[in-house]
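As structure tokens, the structure follows; a few thoughts come after it.
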Amino acid sequence: MNSLALNFFKRTNSVTVFIYLLAVILIALLFKQIFLSVATLIALLLMSILVRREKFFTYIKFSCVIFIVTVIFNLILNQRGNNVLWSTSFLKITTESVNNGITFGLSFVNLLWAFYLYDALIRVKTVFELLASVFKSIAIIFILTIQFIPKIVNIFSETKAIQKFRTQKKATGIKSSMDLTENVLNKAIANFMNVSDTLILRGFHSCQKRLGKVEFKQIDWQIITIIGLILVSDGILFQTGNIKFIALTNIFLILLPILTGGINRLWWKFYGSKTTVSDTTTVKNYR
Amino acid sequence: MIGQTGSGKSTLLKQLLQDLVVGSVVSGRLVTDLKLDNHNFAYVSQFVDNQMIMETPRDELKFVLDNQGLDENQSQMRITEIASYLGIVGLLDLDEKHLSGGQKQLINLASALILKPQVLLLDEPTSQLDPIASEKLMQMIKKINDELNITVLLVEHEIDHAIGIANRLLVMDSGRLILDEFVRDGLQKIYTLPKFKNYLTQVDRLAMELNLSTDLPLSNKKIGQLVSQNMDLVLRTNVPSRTGGEVILQAKKISFRFDFNGRQIIDNVNLNLKSGQSFCVVGPNGMGKTTLLKILTQQLKQQAGQLKFAGKKIKDDFYQKVFVLPQNPAILFMKETVSEELTYQIEHYQSKMSLAEVLQKFSLTGLEQTSPYDLSGGQQEFLALALGFIKQPQLLFLDEPTKGLDPNKRIELGQMLNEYQKNGGTIFVNSHDLLFAAEYFDFVAMMFDGKLSQFMTPRTFFKDKFFYTTEINRALRDSFPEALTWEDVLKRES
């Protein structure tokens, strides 16, 4: 993770990060306007590559596919509009339908990248605590799913690879896929039971109502206030049609961790380190 | 507590934690002043990977405390205390994915101890750890027992590291507790029980077999002194060696990594496996042994280098002539019952062996109608091995085959592998069981940081190792540097 982003996530608590991620998802979800969507996409891509580089290029391919499929579906399903660009007996492509298709495509892609950030930054404990305070059973299902899905994927790929050594029959068709799935689920149950035992051992079954109190520092309140102000101003400005300003505020919100980290870096470099930390190596190590 | 696989050790242990009890008590009752819950009884299981719910150790410890309703200040104090005591402060904020097996088990121990229990229940906690990590964990358990006065009930198959710290030895056999003695008396008694003789540590077994001492358990230092004072002892010389045939599998400059800028998990590895010989790769957890095996069996594709089977590029016939027994043998199972699994395999490969023969040979008689997933770890291993031997492969790969096996089953496994080898089979095994590597393989090599050392005979390989070697070798390095097992030192025939 980029050091500026890391600085932000280290200095803020899990609830602030959760609120930031919800705001990013909200932005990706709400604004359906090409200029705004492109601006959001650029900010999201920048943030994603800085936060988690490993899966970035896989998601790029995936988001291209999502974008193309959405645009094509929109062109087929929505053929309204007067400025005809191209038409056959069954398909009419208009400027409006292309515009609409691209907007939808970008919205889906933005949503995908917003969840990419969510996946990279959210901590199981935060979601679990939020869920547990509302409804305990959902929290258990959540935790088992979080633990379970990667294990099922792992068991599936291992079983598929190892079965080549067990049987010489080529696994093709629905029947063999169903057999494999049944097999995988059978194997996964044991893992499931172990996780369930662990939950018991950790005392979740007898847990008290109040789970994990989160400590808020000054920076948390500042970030939450900034996020709130941006969302409110976006709502007001969207009605007035000030798209450029909304685009700027959205980019600011998405890049908030980097900007905050950057300000902290500058403060540390030019003030904090000079006034509070000695340059002596021994003292630095000691501190 | 020791006992054969499936003798009821884990079931007994879980009786002390009511929420984990499976089935019901048919007679008798537990007598204790303590309430049977996780405030008084803490439990750590052998499944290293399934015991962490949260992403980081700090979150995991906090989760336990939050569930008990502790406030922020109390939680912070408890985490500080336990982390400092167990020396895991540096691990608190690491992602679970980046922890080694030994580190994960320390975190599990911390999660168990954070509620300040009276009794610590440990169910084969070292079975998935390499020897060095096992030793470290055992030292920590000793510290907990000595300094905190917590009662520890430990179930283990390998008692080498545990016996020195235990006060009492318990033996379970077919659901019954047949022995409960002070360690010294207990060890002497199990030497007289043929079924449990092999549970003795190598050092104690040597002392008993050669009548050197009955004051068990003996330290390496003590047995070293006893052996060096005894002039009647000689090193066994008739070590069997096999000359191999053609090269059956050749790997040339194989490399592999998981991430673009990640660590080289397999780094320029070369090897030649000759038919009729056996090879064992040892090394700490997480050093690339399993990845190497997966590449050699083409479950993963190498990113650089070349792999040849019988002198040719790998094609579909490779899968017909090779069998892989993975770390988790359950991955191989496809059917509902043991009998269906074996019958399918017998019919599929038109084996001449009958179902009854297979069941008997692999100690599975009586388990025909049991689901393969309900078998104990050792039984699953043997069922998987049976499936492999029915196939009669030219090359057999096994990944940590002794994991969860009791000493008797380990010996049975070794003997079966030797028999397979005598019939021309080639074996490649990953193991952190150094004794197993020393006893049953022609060649041993070490994997570390993606590099594979040269394959050498066990005696050559282990004789200059200082830490990573068998207990007998450590103890007798001054008098018999080539001795690896208790059977390597004999009384001189007069």
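Labels used: A, B, ... for chains in the order of the structure tokens, numbers from 1 for residues in each chain, and numbers from 1 for ligands as shown.
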### Message
Quick check: residues of chain B within 9 Å of chain A, only C-alpha atoms, returned as an MDAnalysis selection string.
### Response
chainID B and resid 17 19:20 38 42:44 47 50:55 59:72 111:112 259:260 298:300 318:326 330:335 345 348:349 373 387:388 391
### Message
I'd like to know which residues of region 23-218 of chain A are alpha helix (DSSP H) (by DSSP, run on the backbone); could you write them as a ChimeraX atom specification?
### Response
/A:23-30,34-51,56-77,95-121,124-134,136-166,173-201,218
Could you dump the residues just selected with C-alpha atoms as a compact mmCIF listing (two decimals), in the first residue's frame?
# COMPACT_ATOMS: atom_id res chain seq x y z
CA ALA A 23 -19.35 7.46 0.81
CA VAL A 24 -17.23 6.22 -2.12
CA ILE A 25 -19.82 3.53 -2.94
CA LEU A 26 -22.58 6.14 -2.70
CA ILE A 27 -20.78 8.45 -5.15
CA ALA A 28 -20.21 5.59 -7.60
CA LEU A 29 -23.85 4.57 -7.30
CA LEU A 30 -25.68 7.89 -7.40
CA ILE A 34 -20.70 10.84 -18.24
CA PHE A 35 -18.36 13.63 -17.18
CA LEU A 36 -18.91 12.90 -13.48
CA SER A 37 -18.52 9.15 -14.00
CA VAL A 38 -15.25 9.56 -15.92
CA ALA A 39 -13.86 11.87 -13.23
CA THR A 40 -14.92 9.38 -10.52
CA LEU A 41 -13.43 6.48 -12.47
CA ILE A 42 -10.04 8.19 -12.81
CA ALA A 43 -9.95 8.93 -9.07
CA LEU A 44 -11.05 5.38 -8.22
CA LEU A 45 -8.40 3.83 -10.47
CA LEU A 46 -5.69 6.00 -8.96
CA MET A 47 -6.80 5.15 -5.43
CA SER A 48 -7.11 1.42 -6.25
CA ILE A 49 -3.61 1.09 -7.65
CA LEU A 50 -2.20 2.93 -4.64
CA VAL A 51 -4.10 0.78 -2.16
CA PHE A 56 -5.40 -4.33 -10.07
CA PHE A 57 -4.69 -5.65 -13.58
CA THR A 58 -7.06 -8.61 -13.21
CA TYR A 59 -9.80 -6.16 -12.25
CA ILE A 60 -8.92 -3.88 -15.19
CA LYS A 61 -9.67 -6.76 -17.58
CA PHE A 62 -12.82 -7.61 -15.68
CA SER A 63 -14.06 -4.00 -15.67
CA CYS A 64 -13.45 -3.73 -19.45
CA VAL A 65 -15.67 -6.77 -19.96
CA ILE A 66 -18.34 -5.33 -17.64
CA PHE A 67 -18.25 -2.01 -19.49
CA ILE A 68 -18.56 -3.57 -22.97
CA VAL A 69 -21.34 -5.97 -21.95
CA THR A 70 -23.33 -3.18 -20.24
CA VAL A 71 -23.01 -0.86 -23.23
CA ILE A 72 -24.08 -3.60 -25.68
CA PHE A 73 -27.06 -4.62 -23.53
CA ASN A 74 -28.14 -1.00 -23.22
CA LEU A 75 -27.91 -0.47 -26.98
CA ILE A 76 -30.10 -3.52 -27.56
CA LEU A 77 -32.66 -2.83 -24.83
CA THR A 95 -26.79 9.30 -29.81
CA GLU A 96 -29.03 9.10 -26.72
CA SER A 97 -28.79 5.30 -26.46
CA VAL A 98 -24.98 5.40 -26.87
CA ASN A 99 -24.80 8.12 -24.23
CA ASN A 100 -27.06 6.14 -21.94
CA GLY A 101 -25.10 2.90 -22.51
CA ILE A 102 -21.76 4.55 -21.74
CA THR A 103 -23.17 6.20 -18.62
CA PHE A 104 -24.50 2.88 -17.34
CA GLY A 105 -21.29 1.08 -18.29
CA LEU A 106 -19.21 3.64 -16.40
CA SER A 107 -21.53 3.47 -13.40
CA PHE A 108 -21.15 -0.31 -13.16
CA VAL A 109 -17.40 -0.05 -13.58
CA ASN A 110 -17.25 2.66 -10.90
CA LEU A 111 -19.26 0.48 -8.57
CA LEU A 112 -16.88 -2.40 -9.23
CA TRP A 113 -13.86 -0.25 -8.33
CA ALA A 114 -15.61 1.17 -5.29
CA PHE A 115 -16.07 -2.40 -4.04
CA TYR A 116 -12.47 -3.16 -4.95
CA LEU A 117 -11.48 -0.44 -2.48
CA TYR A 118 -14.00 -1.75 0.03
CA ASP A 119 -12.59 -5.26 -0.25
CA ALA A 120 -9.03 -4.02 0.13
CA LEU A 121 -9.65 -1.78 3.13
CA VAL A 124 -13.81 -8.15 9.11
CA LYS A 125 -14.08 -6.99 12.72
CA THR A 126 -15.75 -3.69 11.78
CA VAL A 127 -18.49 -5.23 9.65
CA PHE A 128 -18.92 -8.01 12.16
CA GLU A 129 -19.39 -5.57 15.03
CA LEU A 130 -21.83 -3.45 13.09
CA LEU A 131 -23.84 -6.53 12.13
CA ALA A 132 -23.61 -8.12 15.58
CA SER A 133 -25.09 -5.05 17.20
CA VAL A 134 -28.11 -5.28 14.88
CA LYS A 136 -26.41 -11.67 15.84
CA SER A 137 -27.38 -14.47 13.43
CA ILE A 138 -26.51 -12.34 10.41
CA ALA A 139 -23.12 -11.66 11.97
CA ILE A 140 -22.50 -15.41 12.32
CA ILE A 141 -23.52 -16.02 8.72
CA PHE A 142 -21.25 -13.18 7.64
CA ILE A 143 -18.27 -14.53 9.54
CA LEU A 144 -18.79 -18.08 8.29
CA THR A 145 -19.14 -16.81 4.73
CA ILE A 146 -16.02 -14.68 4.98
CA GLN A 147 -14.09 -17.67 6.28
CA PHE A 148 -15.85 -20.18 4.10
CA ILE A 149 -15.82 -18.79 0.56
CA PRO A 150 -12.03 -18.59 0.11
CA LYS A 151 -11.78 -22.10 1.56
CA ILE A 152 -14.39 -23.46 -0.84
CA VAL A 153 -12.57 -21.84 -3.76
CA ASN A 154 -9.34 -23.37 -2.54
CA ILE A 155 -10.85 -26.82 -2.04
CA PHE A 156 -12.50 -26.60 -5.46
CA SER A 157 -9.25 -25.87 -7.28
CA GLU A 158 -7.30 -28.48 -5.29
CA THR A 159 -9.95 -31.16 -5.84
CA LYS A 160 -10.09 -30.41 -9.55
CA ALA A 161 -6.31 -30.61 -9.86
CA ILE A 162 -5.92 -33.76 -7.79
CA GLN A 163 -8.77 -35.73 -9.41
CA LYS A 164 -6.70 -36.09 -12.56
CA PHE A 165 -4.53 -38.50 -10.59
CA ARG A 166 -7.52 -40.36 -9.19
CA GLY A 173 -20.68 -31.90 -18.78
CA ILE A 174 -23.17 -30.86 -16.17
CA LYS A 175 -23.17 -34.24 -14.37
CA SER A 176 -19.45 -34.17 -13.64
CA SER A 177 -19.64 -30.51 -12.59
CA MET A 178 -22.42 -31.40 -10.17
CA ASP A 179 -20.41 -34.35 -8.84
CA LEU A 180 -17.43 -32.10 -8.33
CA THR A 181 -19.53 -29.46 -6.57
CA GLU A 182 -21.08 -32.08 -4.28
CA ASN A 183 -17.62 -33.38 -3.56
CA VAL A 184 -16.30 -29.94 -2.76
CA LEU A 185 -19.22 -29.14 -0.45
CA ASN A 186 -18.71 -32.44 1.40
CA LYS A 187 -15.10 -31.55 1.97
CA ALA A 188 -15.91 -27.99 2.97
CA ILE A 189 -18.30 -29.03 5.74
CA ALA A 190 -15.37 -30.16 7.91
CA ASN A 191 -13.82 -26.70 7.61
CA PHE A 192 -17.18 -25.13 8.36
CA MET A 193 -17.45 -27.14 11.60
CA ASN A 194 -13.95 -26.10 12.66
CA VAL A 195 -14.77 -22.41 12.20
CA SER A 196 -17.97 -22.92 14.14
CA ASP A 197 -15.99 -24.57 16.99
CA THR A 198 -13.60 -21.62 16.98
CA LEU A 199 -16.49 -19.17 17.34
CA ILE A 200 -17.62 -21.12 20.40
CA LEU A 201 -14.09 -21.14 21.82
CA GLN A 218 -9.66 14.35 16.45
## Note on the structure
Counting only C-alpha atoms, closest pick from A:Val84, A:Val15, A:Ile223, A:Ile122 relative to Leu253 (chain A) is A:Ile223
### Task
Step one, run DSSP on the backbone; step two, keep only residues of region 4-195 of chain B assigned to strand (DSSP E or B); then write them as a list in words.
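Going through region 4-195 of chain B, the strand (DSSP E or B) residues come out as Phe41, Ala42, Tyr43, Val44, Val119, Leu120, Leu121, Leu122, Asp123, Thr151, Val152, Leu153, Leu154, Val155, Arg168, Leu169, Leu170, Val171, Met172, Asp173, Arg176, Leu177, Ile178, Leu179, Asp180, Glu181 and Phe182 of chain B.
Take the candidates B:Glu124, B:Asp185, B:Glu340, B:Asp449 and check each one against Gly404 (chain B) using only C-alpha atoms; the shortest distance goes to B:Glu124.
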